[in-house]
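Just below is one structure, and these are the notes that go with it.
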Amino acid sequence: MRAGAAWAGTVVIALLSAACGHGAAPAPADGATVGIADALAAPAGTTLRVTGRFAGWAGGCTGGPPRTRSDWMLVDADGRCLYVSGPVPAGIAAPPASTSSGTAVTVSGRREATPDGRPYLLHTR
Amino acid sequence: MTLDIPSMAGRWRRLSLMALMAFGAALAGCGGGGGDAVDNGNGNTNGNGGAPTGTDGGGTGGQAKWTYLIYMAADNNLSDMATLNVKQMIAARSSRDVRIVVQVEQNPQETPGAERMTLRGTVENGASQLQNLGRNVDMSSRAALTEFIRWGKQTYPAERYALVLWSHGGGWKADKSTRGALQDVSSREDLMSVGDMAAAVKDAGGVDVLNFDACLMAMYEVAYEMRQAAKVMVASEEVIPGQGNPYDKVINRLVANPSQDAATFAKGIVTDYMAHYRTNNRQSVTLSAIDLAAVEPLHAKVKAAAAGMVAAMAGERLNIQAARDASPSYNHPNNHDLIVFAKALAARASSTTLRTLANELAAAAQAAVLANDVQQLPGELNVAGSTGLAIYLPSPANTTTSELNAYRTVLASNTVAGNETAWSTFTTALVTNGGGTGQTDATGPFAYGIRWDNPDVDLDLMVNEPQGNWAGPAIGPSSVNGFASADSWDAGQAEETYTANSQLEKGAYDVFVQYAGCAKGRATCGDTTVSVYRYDPSLGDTSAVLLGTRRMSAVPALPSMDSFATFEAFVNAVNSDAYADWLFVRRVTRDLPADRKVLPAQPKPRGKGFGAVVTK
């Protein structure tokens, strides 16, 4: 029996395709699942789940890692890049391996900013 | 000889910032002033400051007390951090007794203006005197590291040598086999293996202090490889801040007392590092100094403990797992603090023999740690309780067969003659339960979703993956084999999903729904009807399929998971439909080998928490 509601299919398809782009939302709510564009625009201190593609240490984020030398990058199809400070998700090969580059991931954390204003996501275990 | 003259344009295109600083410092030395240069030279404690102590590559003005060799593999995303660290070196005091010798390669994409050429020279008297070598050195090659150390020691001979390996680091492993630190993306993507680093340093005659300014290198496995390359190793169990060492403070300490020995200097690095991050760029950090002469005795205790645990595995598995889970882990979650683990095992083990072995292991590890310090800040990396030396101690949810096999190639844990009962034998036994394990190449994603009609109720979609670990929104956003939606408890929405990866472990994925209680903020909640959806292309699904609905409530409640002797007994109880707070949806299999369809004889669901691993 097929589901009448669009919800399940939509969610599944979204998860499987790991859509990266979301419409610009200036202030996502705490706990919201967002793309990189919205994460970059979110106020510091907001707790988010950010979807994107894993890019290890070679995603093109500028300015160096915000906190630790193991900070890694999350990118989207439009070239946006967000540093994530914290462990890589389970199942993702830690950098510098390229085997996981491009893998769709969703990571939770707190949107933070460096002293010079560069945004990043602080992801703790 | 190449001097500190920025106008040598063809050979000085990079470190533009550093060149400017060098130029400024040179001006300051001529009576100018301002900035860091004011302190340089003037702050020398032995009266030798101000006068150059030799020219680059030539006369050295006599043998120094220390030559501090800093090998900066910064042709990667850390490039800007190298600029900052060299600036710190320039700001430090100078002394004829302490030579600061640098080889650095940056990344022009990360640091505009940088050439992809390698620079080498000294930093002293408030200026960097770095010569463009005219070639892009593969900084992650063993030969390049050996050549730099040899050159540094021959050109700037000293009574003692310290070597900093500056770059990315990944402990005993990164992705491929035993690679450990030093990345140069213009030459290769991988890190230099720990074995190659040790060989490179030994080939150059060794050093007194080896300092990893790189993440995750304070590991037993790394120390064992380095035991003949240096006297003391300084490194961090956890990741390190982007800015790494506070070089001005470290150099000033050495300049202030150039007669200090290796152990004293190593302990001083720990002191300066921790003091720096307690007042600057505050974050959770660890750093320790390891006496490499104590590593061989430690190795013997590691092997003895490994043999003891392998022999006692049948009766002590849960105690060993509990000790592992009680010890701090790090950015690589299979790295655990060795001493905390050993002490926890000694406290939990049933066997007197194992308790003794664990106590001896803890004592040997403690004897190797000359200094250790930890800063734990709230809401950050959890490093509290770290004691200075980590070891590979995997759990099923975090490891793979390839990782376990790679670990067998690490020198400290390989299984060649004379090392038969290595730590790798123990880790494999711990993780595999004597059978197969790890990720394989089963294919085919699938997804399950639930939604329910009473938002006052909190339901959890739970998936027990092939290794026995629980996954789902209430556990976390991702697992070894898939990822999950937001937890309904946090999101406030009466729906959850679990989606398996396209590449996943072979085995059984058991899908459950649990009535967890009332939703956040609700004091009462009542019953609810859950609808369960499936999307599994291997079954012909082209969109989500409603599998059915079921009424769920708090009672009658399934007995505690601890009450079931086996995982199958747990599944059977849930599947009996006698309990309203659990629903067994179905078992999804992916290329399950015939010999694994029958679950092992000693499955023991452990604890009520879903963080527990259930042996299947």
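Convention: chains lettered A, B, ... in structure tokens order; per-chain residue numbering from 1; ligands numbered from 1 as shown.
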Which range 25-114 of chain A residues have any atom within 6 Å of an atom of range 236-258 of chain B, and for each, what is the nearest pair of atoms with distance in Å to one decimal, counting only C-alpha atoms, rows sorted by chain and number, as CSV?
residue,atom,partner,partner_atom,distance
A:Arg67,CA,B:Pro241,CA,5.5
A:Thr68,CA,B:Pro241,CA,4.0
A:Arg69,CA,B:Gly242,CA,4.6
Q) Got a sec: who's within 12 Å of Asn335 in chain B, counting only C-alpha atoms, leaving out chain neighbours fewer than 5 positions off, as an MDAnalysis selection string? A) chainID B and resid 170:174 216:221 236:239 324:325 327:330 341 383 386 389:395 398:399 427
Q: Could you tell me which of A:Ala90, A:Val50, A:Gly60, A:Ala37 comes closest to chain B if we count only C-alpha atoms?
A: A:Ala90
(Q) With DSSP run on the backbone, what are the alpha helix (DSSP H) residues within range 105-299 of chain B? I'd like them as a VMD selection string. (A) chain B and resid 142 to 155 194 to 203 220 to 226 247 to 256 262 to 279 295 to 299
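Our summary of the geometry notes that CA of Ala74 in chain B is positioned 9.7 Å from CA of Glu110 in chain B.
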Q.
Based on only C-alpha atoms, which of the residues in chain B come within 8 Å of chain A? I want them as a count of residues only.
A. 49
